[in-house]
>>> print(open('work11.csv').read())   # CSV, C-alpha atoms
chain,number,residue,atom,x,y,z
A,85,MET,CA,86.0,149.8,148.4
A,86,SER,CA,82.9,149.3,146.4
A,87,LYS,CA,83.8,152.3,144.2
A,88,GLN,CA,87.2,150.8,143.5
A,89,TYR,CA,85.6,147.5,142.6
A,90,ALA,CA,83.1,149.2,140.3
A,91,ALA,CA,86.0,151.2,138.6
A,92,TRP,CA,87.9,148.0,137.9
A,93,LYS,CA,84.8,146.3,136.5
A,94,ALA,CA,84.0,149.2,134.2
A,95,ASP,CA,87.6,149.4,133.0
A,96,PHE,CA,87.5,145.6,132.2
A,97,ARG,CA,84.2,146.0,130.2
A,98,ALA,CA,85.6,148.9,128.3
A,99,LYS,CA,88.7,146.9,127.3
A,100,ARG,CA,86.6,143.9,126.3
A,101,THR,CA,84.3,146.1,124.1
A,102,LYS,CA,87.4,147.8,122.5
A,103,THR,CA,88.9,144.4,121.7
A,104,CYS,CA,85.6,143.1,120.1
A,105,ARG,CA,85.4,146.2,118.0
A,106,LYS,CA,88.9,145.7,116.7
A,107,MET,CA,88.1,142.1,115.8
A,108,GLU,CA,85.0,143.2,114.0
A,109,LYS,CA,86.9,145.9,112.1
A,110,ARG,CA,89.7,143.5,111.1
A,111,THR,CA,87.5,140.5,110.1
A,112,GLY,CA,84.5,142.3,108.8
A,113,LYS,CA,82.1,140.4,111.0
A,114,ARG,CA,81.0,140.4,114.6
A,115,PRO,CA,82.3,137.7,117.0
A,116,GLU,CA,80.0,134.8,117.5
A,117,HIS,CA,80.1,135.0,121.2
A,118,LEU,CA,81.5,137.2,124.0
A,119,GLY,CA,82.0,134.5,126.6
A,120,PRO,CA,85.5,133.8,127.9
A,121,PRO,CA,87.1,131.2,125.8
A,122,ASN,CA,89.9,130.3,128.2
A,123,GLY,CA,91.5,131.3,131.5
A,124,PHE,CA,93.1,134.4,130.1
A,125,ALA,CA,89.8,136.2,130.2
A,126,LEU,CA,89.8,136.0,134.0
A,127,LEU,CA,93.3,137.2,134.5
A,128,PRO,CA,92.6,141.0,134.2
A,129,TRP,CA,90.6,140.7,137.4
A,130,LEU,CA,93.8,140.2,139.3
A,131,LEU,CA,94.2,144.0,138.9
A,132,MET,CA,91.8,144.3,141.8
A,133,GLY,CA,94.7,143.3,144.0
A,134,MET,CA,96.8,146.3,143.0
A,135,GLY,CA,95.6,148.3,146.0
A,136,ALA,CA,97.0,145.7,148.4
A,137,PHE,CA,100.2,145.5,146.3
A,138,SER,CA,100.5,149.3,146.3
A,139,ASN,CA,100.2,149.4,150.1
A,140,LEU,CA,102.8,146.7,150.3
A,141,LEU,CA,105.3,148.7,148.2
A,142,GLN,CA,104.7,151.9,150.1
A,143,GLY,CA,105.4,150.2,153.4
A,144,LYS,CA,101.9,150.7,154.8
A,145,THR,CA,101.5,146.9,155.4
A,146,PRO,CA,103.0,145.3,158.5
A,147,ASN,CA,105.1,142.3,158.0
A,148,PRO,CA,105.6,143.0,154.3
A,149,TRP,CA,107.4,139.7,153.6
A,150,VAL,CA,104.4,137.8,154.8
A,151,GLY,CA,102.1,140.0,152.7
A,152,GLY,CA,104.3,139.5,149.6
A,153,ILE,CA,104.4,135.8,150.0
A,154,GLY,CA,100.6,135.8,150.5
A,155,ILE,CA,100.1,137.8,147.2
A,156,ILE,CA,102.4,135.5,145.3
A,157,THR,CA,100.6,132.4,146.7
A,158,PHE,CA,97.2,133.9,146.1
A,159,ASN,CA,98.0,134.8,142.4
A,160,SER,CA,99.5,131.4,141.7
A,161,LEU,CA,96.6,129.5,143.1
A,162,TYR,CA,94.1,131.8,141.3
A,163,ILE,CA,95.8,131.3,137.9
A,164,TYR,CA,96.0,127.6,138.4
A,165,VAL,CA,92.3,127.3,139.3
A,166,VAL,CA,90.9,129.5,136.5
A,167,PHE,CA,92.9,127.9,133.8
A,168,ARG,CA,91.6,124.5,134.8
A,169,ALA,CA,88.0,125.8,134.8
A,170,PHE,CA,87.5,125.5,131.1
A,171,ASP,CA,88.2,121.7,130.8
A,172,LYS,CA,85.5,119.6,132.4
A,173,ARG,CA,87.8,116.8,133.4
A,174,ALA,CA,90.4,119.2,135.0
A,175,ARG,CA,87.6,121.2,136.6
A,176,GLU,CA,86.1,118.2,138.4
A,177,ALA,CA,89.5,116.8,139.4
A,178,PRO,CA,90.1,116.6,143.2
A,179,ARG,CA,93.3,118.6,142.9
A,180,THR,CA,91.4,121.6,141.5
A,181,ARG,CA,89.0,121.5,144.5
A,182,TRP,CA,91.9,121.3,146.9
A,183,ALA,CA,93.6,124.3,145.1
A,184,LEU,CA,90.3,126.2,145.4
A,185,ALA,CA,90.1,125.4,149.1
A,186,ALA,CA,93.7,126.5,149.6
A,187,LEU,CA,92.9,129.8,147.7
A,188,GLY,CA,90.0,130.3,150.1
A,189,ALA,CA,92.3,129.7,153.2
A,190,VAL,CA,94.9,132.2,151.9
A,191,THR,CA,92.2,134.8,151.1
A,192,CYS,CA,90.8,134.5,154.7
A,193,ALA,CA,94.2,134.7,156.2
A,194,LEU,CA,95.2,137.9,154.3
A,195,ALA,CA,91.8,139.5,154.9
A,196,LEU,CA,92.0,138.8,158.7
A,197,ALA,CA,95.6,139.9,158.9
A,198,TYR,CA,95.4,143.2,156.9
A,199,GLY,CA,91.8,144.2,156.1
A,200,GLY,CA,91.2,147.3,153.9
A,201,SER,CA,92.0,146.7,150.2
A,202,TRP,CA,93.0,143.2,151.0
A,203,LEU,CA,89.3,142.3,151.4
A,204,LEU,CA,88.9,142.7,147.6
A,205,PHE,CA,90.6,139.3,147.3
A,206,PHE,CA,87.2,137.8,148.4
A,207,MET,CA,85.7,138.9,145.1
A,208,LEU,CA,88.6,137.2,143.2
A,209,LEU,CA,87.9,134.2,145.3
A,210,GLY,CA,84.2,134.5,144.2
A,211,LEU,CA,85.3,134.5,140.5
A,212,ALA,CA,87.5,131.4,141.0
A,213,THR,CA,84.6,129.7,142.8
A,214,GLY,CA,82.1,130.5,140.1
A,215,SER,CA,84.4,129.2,137.4
A,216,ILE,CA,84.8,125.9,139.2
A,217,MET,CA,81.5,125.1,140.8
A,218,ARG,CA,78.5,123.7,138.9
A,219,GLY,CA,75.2,122.1,139.6
A,220,ARG,CA,73.3,122.0,142.9
A,221,TYR,CA,76.4,122.7,145.1
A,222,LEU,CA,76.9,126.1,143.5
A,223,GLY,CA,74.2,128.0,145.5
A,224,PRO,CA,75.1,126.7,149.0
A,225,VAL,CA,78.9,127.1,148.4
A,226,VAL,CA,78.5,130.7,147.1
A,227,LEU,CA,76.1,131.6,149.9
A,228,GLY,CA,78.5,130.2,152.5
A,229,LEU,CA,81.5,132.0,150.9
A,230,SER,CA,79.6,135.3,150.8
A,231,ALA,CA,78.6,134.9,154.5
A,232,LEU,CA,82.2,134.2,155.5
A,233,ALA,CA,83.4,137.2,153.5
A,234,GLY,CA,80.8,139.4,155.1
A,235,LEU,CA,81.8,138.1,158.6
A,236,ILE,CA,85.5,138.7,158.1
A,237,ALA,CA,85.0,142.1,156.5
A,238,GLY,CA,82.7,143.0,159.3
A,239,LEU,CA,85.5,142.4,161.8
A,240,ARG,CA,87.9,144.5,159.8
A,241,ASP,CA,85.8,147.1,158.0
A,242,GLY,CA,82.5,147.4,159.9
A,243,TRP,CA,79.5,148.3,157.6
A,244,GLY,CA,81.7,147.9,154.5
A,245,ALA,CA,81.2,144.2,154.9
A,246,ILE,CA,77.9,144.4,153.1
A,247,ASN,CA,79.7,145.5,149.9
A,248,VAL,CA,82.3,142.8,150.2
A,249,ALA,CA,79.7,140.1,150.8
A,250,TYR,CA,77.5,141.4,147.9
A,251,GLY,CA,80.5,141.6,145.6
A,252,THR,CA,81.6,138.1,146.4
A,253,PHE,CA,78.2,136.7,145.8
A,254,ILE,CA,77.7,138.6,142.5
A,255,SER,CA,81.1,137.8,141.1
A,256,ALA,CA,80.7,134.0,141.8
A,257,MET,CA,77.2,133.7,140.4
A,258,VAL,CA,77.7,135.9,137.3
A,259,THR,CA,80.9,134.0,136.5
A,260,ALA,CA,79.2,130.6,136.9
A,261,ALA,CA,76.2,131.8,134.7
A,262,ILE,CA,78.4,133.1,131.9
A,263,LEU,CA,80.7,130.0,131.8
A,264,ALA,CA,77.7,127.7,131.9
A,265,LEU,CA,76.1,129.6,129.1
A,266,SER,CA,79.4,129.4,127.1
A,267,GLU,CA,79.6,125.7,127.6
A,268,THR,CA,75.9,125.3,126.5
A,269,VAL,CA,76.7,127.3,123.3
A,270,LYS,CA,79.7,125.1,122.7
A,271,GLU,CA,77.7,121.9,123.1
A,272,LEU,CA,75.0,123.3,120.8
A,273,ARG,CA,77.6,124.2,118.2
A,274,GLU,CA,79.1,120.7,118.4
A,275,THR,CA,75.6,119.2,118.1
A,276,ARG,CA,74.9,121.3,115.0
A,277,GLU,CA,78.1,120.2,113.4
A,278,GLU,CA,77.3,116.5,114.2
A,279,LEU,CA,73.8,116.9,112.7
A,280,ALA,CA,75.4,118.4,109.6
A,281,ARG,CA,77.9,115.5,109.3
A,282,THR,CA,74.9,113.1,109.7
A,283,ALA,CA,73.0,114.8,107.0
A,284,VAL,CA,76.0,114.6,104.7
A,285,GLU,CA,76.4,110.9,105.4
A,286,ARG,CA,72.7,110.3,104.7
A,287,GLU,CA,72.9,112.2,101.4
A,288,ARG,CA,76.0,110.1,100.4
A,289,LEU,CA,74.1,106.9,101.3
A,290,ARG,CA,71.1,108.0,99.3
A,291,PHE,CA,73.2,108.9,96.3
A,292,SER,CA,75.2,105.7,96.4
A,293,ARG,CA,71.9,103.7,96.5
A,294,ASP,CA,70.4,105.6,93.7
A,295,LEU,CA,73.5,105.4,91.6
A,296,HIS,CA,73.8,101.6,92.2
A,297,ASP,CA,70.2,101.0,91.3
A,298,LEU,CA,70.2,103.3,88.3
A,299,LEU,CA,73.4,102.2,86.7
A,300,GLY,CA,73.0,98.5,87.6
A,301,HIS,CA,69.6,98.3,85.8
A,302,THR,CA,70.5,100.6,82.9
A,303,LEU,CA,73.8,98.9,82.1
A,304,SER,CA,72.2,95.4,82.3
A,305,VAL,CA,69.4,96.5,79.9
A,306,ILE,CA,72.0,98.0,77.5
A,307,VAL,CA,74.1,94.8,77.6
A,308,VAL,CA,71.0,92.6,77.0
A,309,LYS,CA,69.8,94.8,74.1
A,310,SER,CA,73.3,95.0,72.6
A,311,GLU,CA,73.5,91.2,72.6
A,312,ALA,CA,70.1,91.0,71.0
A,313,ALA,CA,71.1,93.5,68.3
A,314,ARG,CA,74.2,91.5,67.6
A,315,ARG,CA,72.2,88.3,67.3
A,316,LEU,CA,69.6,89.9,65.1
A,317,ALA,CA,71.9,91.9,62.8
A,318,PRO,CA,72.9,89.0,60.4
A,319,ARG,CA,69.3,88.0,59.7
A,320,ASP,CA,67.0,90.9,60.6
A,321,MET,CA,68.6,94.3,60.3
A,322,ALA,CA,65.3,96.2,61.0
A,323,ALA,CA,64.9,94.3,64.4
A,324,ALA,CA,68.5,94.9,65.2
A,325,LEU,CA,68.1,98.7,64.5
A,326,ALA,CA,65.1,98.7,66.8
A,327,GLN,CA,67.2,97.3,69.6
A,328,VAL,CA,69.9,99.9,68.9
A,329,SER,CA,67.1,102.6,69.1
A,330,ASP,CA,66.0,101.2,72.4
A,331,ILE,CA,69.6,101.3,73.6
A,332,GLU,CA,69.8,105.0,72.7
A,333,SER,CA,66.5,105.7,74.5
A,334,VAL,CA,67.7,103.8,77.6
A,335,GLY,CA,71.0,105.8,77.6
A,336,ARG,CA,69.2,109.1,77.3
A,337,GLN,CA,66.8,108.2,80.1
A,338,ALA,CA,69.7,107.1,82.3
A,339,LEU,CA,71.4,110.5,81.8
A,340,THR,CA,68.2,112.2,82.9
A,341,GLU,CA,67.7,109.9,85.9
A,342,ILE,CA,71.3,110.4,87.0
A,343,ARG,CA,70.9,114.2,86.9
A,344,GLU,CA,67.8,113.8,89.0
A,345,ALA,CA,69.5,111.5,91.5
A,346,VAL,CA,72.4,114.0,91.9
A,347,THR,CA,70.0,116.8,92.7
A,348,GLY,CA,67.7,114.6,94.8
A,349,TYR,CA,64.6,115.2,92.8
A,350,ARG,CA,64.1,111.8,91.3
A,351,GLU,CA,60.7,110.2,92.0
A,352,GLY,CA,60.1,106.8,90.6
A,353,SER,CA,56.9,105.6,88.9
A,354,LEU,CA,55.8,102.0,89.4
A,355,ALA,CA,54.0,102.0,86.0
A,356,THR,CA,57.1,103.3,84.2
A,357,GLU,CA,59.3,100.6,85.9
A,358,LEU,CA,56.8,97.9,85.0
A,359,ASP,CA,56.9,98.9,81.4
A,360,ARG,CA,60.7,98.9,81.4
A,361,ALA,CA,60.7,95.6,83.2
A,362,ARG,CA,58.6,94.1,80.3
A,363,SER,CA,61.0,95.4,77.8
A,364,ALA,CA,64.1,94.3,79.6
A,365,LEU,CA,62.8,90.8,80.3
A,366,SER,CA,61.6,90.3,76.7
A,367,ALA,CA,65.0,91.4,75.4
A,368,ALA,CA,66.7,88.9,77.6
A,369,GLY,CA,64.4,86.1,76.4
A,370,ILE,CA,62.3,86.0,79.6
A,371,ASP,CA,58.6,85.9,79.3
A,372,PRO,CA,57.1,88.7,81.5
A,373,VAL,CA,53.8,88.3,83.3
A,374,VAL,CA,52.6,91.5,85.1
A,375,ARG,CA,49.4,91.7,87.2
A,376,GLN,CA,48.3,94.7,89.2
A,377,SER,CA,45.3,95.1,91.4
A,378,GLY,CA,44.1,97.3,94.2
A,379,PRO,CA,43.5,101.1,94.8
A,380,PRO,CA,46.0,103.7,93.4
A,381,LEU,CA,49.2,104.0,95.4
A,382,THR,CA,50.8,107.1,96.9
A,383,ALA,CA,53.8,108.7,95.3
A,384,GLN,CA,56.1,107.4,98.0
A,385,SER,CA,54.9,103.8,97.7
A,386,GLU,CA,55.2,103.9,93.9
A,387,ALA,CA,58.7,105.2,94.1
A,388,LEU,CA,59.8,102.5,96.6
A,389,LEU,CA,58.1,99.7,94.7
A,390,GLY,CA,59.6,101.0,91.5
A,391,TRP,CA,63.1,100.7,92.9
A,392,VAL,CA,62.2,97.1,94.0
A,393,VAL,CA,61.0,96.2,90.5
A,394,ARG,CA,64.1,97.7,88.9
A,395,GLU,CA,66.6,95.9,91.1
A,396,SER,CA,64.7,92.6,90.9
A,397,VAL,CA,64.4,92.6,87.2
A,398,THR,CA,68.1,93.5,86.9
A,399,ASN,CA,69.0,90.5,89.0
A,400,ALA,CA,66.7,88.3,87.0
A,401,VAL,CA,68.2,89.4,83.7
A,402,ARG,CA,71.8,89.0,85.0
A,403,HIS,CA,71.7,86.0,87.2
A,404,SER,CA,68.6,83.9,87.0
A,405,GLY,CA,68.7,82.1,83.6
A,406,ALA,CA,64.9,82.0,83.9
A,407,SER,CA,62.4,81.7,81.0
A,408,ARG,CA,59.5,83.3,82.9
A,409,CYS,CA,59.1,86.1,85.4
A,410,GLU,CA,55.9,87.0,87.2
A,411,ILE,CA,55.4,90.5,88.7
A,412,GLU,CA,52.3,90.8,90.9
A,413,VAL,CA,51.2,93.9,92.7
A,414,GLU,CA,48.3,93.5,95.3
A,415,GLY,CA,47.0,96.5,97.1
A,416,SER,CA,44.5,97.1,99.8
A,417,THR,CA,43.5,100.0,102.0
A,418,GLU,CA,46.1,99.0,104.6
A,419,ARG,CA,49.0,97.4,102.8
A,420,VAL,CA,50.4,96.8,99.4
A,421,ARG,CA,52.4,93.7,98.5
A,422,LEU,CA,54.8,93.2,95.5
A,423,LYS,CA,55.8,89.7,94.5
A,424,ILE,CA,58.4,88.9,91.8
A,425,THR,CA,58.9,85.3,91.0
A,426,ASP,CA,61.0,83.6,88.3
A,427,ASN,CA,61.7,80.0,87.4
A,428,GLY,CA,65.5,80.3,87.3
A,429,HIS,CA,67.3,77.1,86.8
A,430,ALA,CA,69.3,75.3,89.4
A,431,THR,CA,73.0,75.9,89.6
A,432,PRO,CA,75.0,73.2,87.7
A,433,THR,CA,77.0,70.8,89.9
A,434,GLY,CA,80.5,72.0,90.7
A,435,GLN,CA,79.8,75.7,89.8
A,436,GLU,CA,79.5,78.6,92.2
A,437,PRO,CA,75.9,79.9,92.6
A,438,LYS,CA,75.3,83.2,91.0
A,439,ALA,CA,74.5,86.0,93.4
A,440,ARG,CA,70.8,86.9,93.6
A,441,THR,CA,71.2,89.1,96.7
A,442,GLY,CA,73.7,91.8,97.5
A,443,THR,CA,74.2,95.5,97.9
A,444,GLY,CA,71.2,96.4,95.9
A,445,LEU,CA,68.7,94.3,97.9
A,446,LYS,CA,70.3,95.4,101.1
A,447,GLY,CA,69.8,99.0,100.3
A,448,LEU,CA,66.2,98.3,99.3
A,449,THR,CA,65.6,96.5,102.6
A,450,GLU,CA,66.8,99.6,104.4
A,451,ARG,CA,64.6,101.9,102.3
A,452,LEU,CA,61.5,99.8,102.9
A,453,ALA,CA,62.3,99.5,106.6
A,454,ALA,CA,62.5,103.2,107.0
A,455,ALA,CA,59.0,103.5,105.5
A,456,GLY,CA,57.6,100.8,107.8
A,457,GLY,CA,57.8,98.0,105.3
A,458,SER,CA,59.7,94.8,104.7
A,459,LEU,CA,61.5,92.9,102.0
A,460,GLU,CA,62.2,89.1,101.8
A,461,ALA,CA,64.0,87.3,99.1
A,462,GLY,CA,65.2,83.8,98.6
A,463,PRO,CA,65.1,80.6,96.4
A,464,LEU,CA,62.0,78.5,96.2
A,465,GLU,CA,61.8,74.9,97.3
A,466,HIS,CA,61.2,73.5,93.8
A,467,GLY,CA,63.5,75.9,92.0
A,468,GLY,CA,63.2,79.5,91.1
A,469,PHE,CA,63.5,82.7,93.1
A,470,ARG,CA,60.9,84.9,94.8
A,471,LEU,CA,61.1,88.4,96.2
A,472,THR,CA,58.3,89.8,98.4
A,473,ALA,CA,58.1,93.5,99.4
A,474,GLU,CA,55.4,94.9,101.6
A,475,LEU,CA,54.5,98.5,102.5
A,476,PRO,CA,51.9,100.1,104.7
A,477,VAL,CA,49.5,102.4,102.9
A,478,PRO,CA,49.8,105.9,104.6
A,479,GLU,CA,46.4,107.3,105.7
A,480,THR,CA,45.4,110.2,103.4
A,481,ALA,CA,43.3,113.1,104.5
A,482,GLU,CA,40.4,111.8,102.4
A,483,SER,CA,40.5,108.3,104.0
A,484,ALA,CA,40.8,109.8,107.4
A,485,GLU,CA,37.7,111.9,106.8
A,486,LEU,CA,35.8,108.9,105.5
A,487,GLY,CA,36.8,107.0,108.6
A,488,ALA,CA,35.6,109.8,110.8
A,489,LEU,CA,32.2,109.9,109.1
A,490,ALA,CA,31.8,106.1,109.4
>>> encode(input="work11.csv", output="structure tokens")
Amino acid sequence: MSKQYAAWKADFRAKRTKTCRKMEKRTGKRPEHLGPPNGFALLPWLLMGMGAFSNLLQGKTPNPWVGGIGIITFNSLYIYVVFRAFDKRAREAPRTRWALAALGAVTCALALAYGGSWLLFFMLLGLATGSIMRGRYLGPVVLGLSALAGLIAGLRDGWGAINVAYGTFISAMVTAAILALSETVKELRETREELARTAVERERLRFSRDLHDLLGHTLSVIVVKSEAARRLAPRDMAAALAQVSDIESVGRQALTEIREAVTGYREGSLATELDRARSALSAAGIDPVVRQSGPPLTAQSEALLGWVVRESVTNAVRHSGASRCEIEVEGSTERVRLKITDNGHATPTGQEPKARTGTGLKGLTERLAAAGGSLEAGPLEHGGFRLTAELPVPETAESAELGALA
């Protein structure tokens, strides 16, 4: 019996290897996994029952009608169980457990009634059990099933019971291990796909923020300088041409920044943004006042605060109607604070207030929060508008070393 089982097992492995080679030759690449994808992979094992079926056809089995009905019932229950094993909800359903119990009862009845090659059905029962059982109940159930198979086989086949018990145990445990591994690989693949989707969403969000901040500021500066050039043209052509030259420079710089934003390599500079802020505010007729103090900032802090300056100045130029805008950067060894204050006029009665907060500031708030900082913006009590951004100063290797020496 053990030789027959080993022969069927070797034949199945040979067929599986041949199928994999055909797939590799046809597609030009190796299959990602060899685990059974569905219940069809467990159907070839039903060939282990061919010995009992052959005895039935040759008339070597007493009460052949009972044996025939038993084989049909066993095969039907086996197919039902293994096809439900690959869906977690179906596998854990009570009807599946009842079907497995019925399969066990039929197996025991056939083995007790006929013995011999009919004892191989215990190994098929082990396959079905391994495909259904999971978790802490797997070990006790398989051990109990193996002991039962050994006991019944001992009554019918003597010392051959050892092979039946061992085959039942191995078939159940190996099947459970392979299917559990297959499910783990599937979950890991789904997790990897979800991480990829999340990375794409983050990149889209980054690009939309960068594009909003870049184009909003650039277009505002171009509009302001275009208006200034139009006003200056009738009386001072040289000044108007200077504004047009600035527009060209801003446009070229915008093209460069958009390319950098698309590739994700743009790093803002606070000093550059402060210079642009002075130019944009002056062109809009707003007196800029810029003050900066404290130690040098890290590249990340400069980039984040540069975005804040760009967005705030854009809002001031477009919405504030202010005549003065103060930009103050205060740094320390622990935190850096950026305050931008303007004296924008009050909204005339009966008119809708112009937006000073929106998508841009919301995106900046999220950026600063991701870096451990904060952003607050709102109107002042006696008129005007103030935006305050704070960021923690990351500890550099040099400062950590000085702290350790202290």
>>> closest_residue(input="work11.csv", among="A:Asp330, A:Glu418, A:Glu285, A:Glu357", to="Glu386 of chain A", atoms="all atoms listed in the file")
A:Glu357
>>> closest_atom_pairs(input="work11.csv", of="segment 331-414 of chain A", to="segment 297-317 of chain A", cutoff="9 Å", atoms="only C-alpha atoms", output="Markdown table")
| residue | atom | partner | partner_atom | distance |
| --- | --- | --- | --- | --- |
| A:Ile331 | CA | A:Ile306 | CA | 5.6 |
| A:Glu332 | CA | A:Ile306 | CA | 8.8 |
| A:Val334 | CA | A:Thr302 | CA | 6.8 |
| A:Gly335 | CA | A:Thr302 | CA | 7.4 |
| A:Gln337 | CA | A:Thr302 | CA | 8.9 |
| A:Ala338 | CA | A:Thr302 | CA | 6.6 |
| A:Glu341 | CA | A:Leu298 | CA | 7.5 |
| A:Ile342 | CA | A:Leu298 | CA | 7.3 |
| A:Ala345 | CA | A:Leu298 | CA | 8.8 |
| A:Ser363 | CA | A:Val305 | CA | 8.7 |
| A:Ala364 | CA | A:Val305 | CA | 5.7 |
| A:Leu365 | CA | A:Val305 | CA | 8.7 |
| A:Ala367 | CA | A:Lys309 | CA | 6.0 |
| A:Ala368 | CA | A:Val308 | CA | 5.7 |
| A:Trp391 | CA | A:Asp297 | CA | 7.3 |
| A:Arg394 | CA | A:His301 | CA | 6.3 |
| A:Glu395 | CA | A:Asp297 | CA | 6.2 |
| A:Val397 | CA | A:His301 | CA | 7.8 |
| A:Thr398 | CA | A:His301 | CA | 5.1 |
| A:Asn399 | CA | A:His301 | CA | 8.5 |
| A:Val401 | CA | A:Ser304 | CA | 7.3 |
| A:Arg402 | CA | A:Ser304 | CA | 7.0 |
>>> write_last_selection(input="work11.csv", atoms="C-alpha atoms", output="compact mmCIF listing (two decimals), in the coordinates of the input")
# COMPACT_ATOMS: atom_id res chain seq x y z
CA ILE A 331 69.60 101.30 73.60
CA GLU A 332 69.80 105.00 72.70
CA VAL A 334 67.70 103.80 77.60
CA GLY A 335 71.00 105.80 77.60
CA GLN A 337 66.80 108.20 80.10
CA ALA A 338 69.70 107.10 82.30
CA GLU A 341 67.70 109.90 85.90
CA ILE A 342 71.30 110.40 87.00
CA ALA A 345 69.50 111.50 91.50
CA SER A 363 61.00 95.40 77.80
CA ALA A 364 64.10 94.30 79.60
CA LEU A 365 62.80 90.80 80.30
CA ALA A 367 65.00 91.40 75.40
CA ALA A 368 66.70 88.90 77.60
CA TRP A 391 63.10 100.70 92.90
CA ARG A 394 64.10 97.70 88.90
CA GLU A 395 66.60 95.90 91.10
CA VAL A 397 64.40 92.60 87.20
CA THR A 398 68.10 93.50 86.90
CA ASN A 399 69.00 90.50 89.00
CA VAL A 401 68.20 89.40 83.70
CA ARG A 402 71.80 89.00 85.00
>>> residues_around(input="work11.csv", residues="segment 408-413 of chain A", least_positions_apart="3", cutoff="12 Å", atoms="only C-alpha atoms", output="VMD selection string")
chain A and resid 354 to 355 357 to 359 361 to 362 364 to 366 368 to 381 385 to 386 389 to 390 392 to 394 396 to 401 404 to 405 416 419 to 429 468 to 475
>>> closest_residue(input="work11.csv", among="A:His403, A:Gly200, A:Leu448, A:Ser230", to="Thr145 of chain A", atoms="all atoms listed in the file")
A:Gly200
>>> closest_residue(input="work11.csv", among="A:Val190, A:Val248, A:Ala136, A:Ala233", to="Ser160 of chain A", atoms="all atoms listed in the file")
A:Val190
>>> atom_distance(input="work11.csv", atom1="atom CA of Val226 of chain A", atom2="atom CA of Phe253 of chain A")
6.1 Å
>>> atom_distance(input="work11.csv", atom1="atom CA of Ala177 of chain A", atom2="atom CA of Leu211 of chain A")
18.2 Å
>>> atom_distance(input="work11.csv", atom1="atom CA of Lys172 of chain A", atom2="atom CA of Ile216 of chain A")
9.3 Å
>>> closest_residue(input="work11.csv", among="A:Tyr198, A:Trp149, A:Tyr162, A:Phe205", to="Gly251 of chain A", atoms="only C-alpha atoms")
A:Phe205
>>> build_atoms(input="work11.csv", residues="segment 402-414 of chain A", atoms="N, CA and C atoms", output="tab-separated table (two decimals), in the frame of the given file")
chain	number	residue	atom	x	y	z
A	402	ARG	N	70.39	89.31	84.87
A	402	ARG	CA	71.80	89.00	85.00
A	402	ARG	C	72.14	87.66	85.54
A	403	HIS	N	71.30	87.17	86.45
A	403	HIS	CA	71.70	86.00	87.20
A	403	HIS	C	70.78	84.81	87.14
A	404	SER	N	69.53	84.98	86.74
A	404	SER	CA	68.60	83.90	87.00
A	404	SER	C	68.62	82.79	85.94
A	405	GLY	N	68.82	83.13	84.66
A	405	GLY	CA	68.70	82.10	83.60
A	405	GLY	C	67.28	81.61	83.49
A	406	ALA	N	66.31	82.45	83.87
A	406	ALA	CA	64.90	82.00	83.90
A	406	ALA	C	64.30	82.22	82.48
A	407	SER	N	63.17	81.54	82.28
A	407	SER	CA	62.40	81.70	81.00
A	407	SER	C	61.08	82.43	81.30
A	408	ARG	N	60.74	82.64	82.56
A	408	ARG	CA	59.50	83.30	82.90
A	408	ARG	C	59.66	84.05	84.19
A	409	CYS	N	59.06	85.23	84.25
A	409	CYS	CA	59.10	86.10	85.40
A	409	CYS	C	57.76	86.70	85.67
A	410	GLU	N	57.21	86.49	86.85
A	410	GLU	CA	55.90	87.00	87.20
A	410	GLU	C	56.06	88.18	88.19
A	411	ILE	N	55.39	89.28	87.86
A	411	ILE	CA	55.40	90.50	88.70
A	411	ILE	C	53.96	90.74	89.12
A	412	GLU	N	53.68	90.68	90.41
A	412	GLU	CA	52.30	90.80	90.90
A	412	GLU	C	52.25	91.90	91.96
A	413	VAL	N	51.38	92.87	91.77
A	413	VAL	CA	51.20	93.90	92.70
A	413	VAL	C	49.76	93.84	93.28
A	414	GLU	N	49.64	93.62	94.60
A	414	GLU	CA	48.30	93.50	95.30
A	414	GLU	C	48.21	94.61	96.29
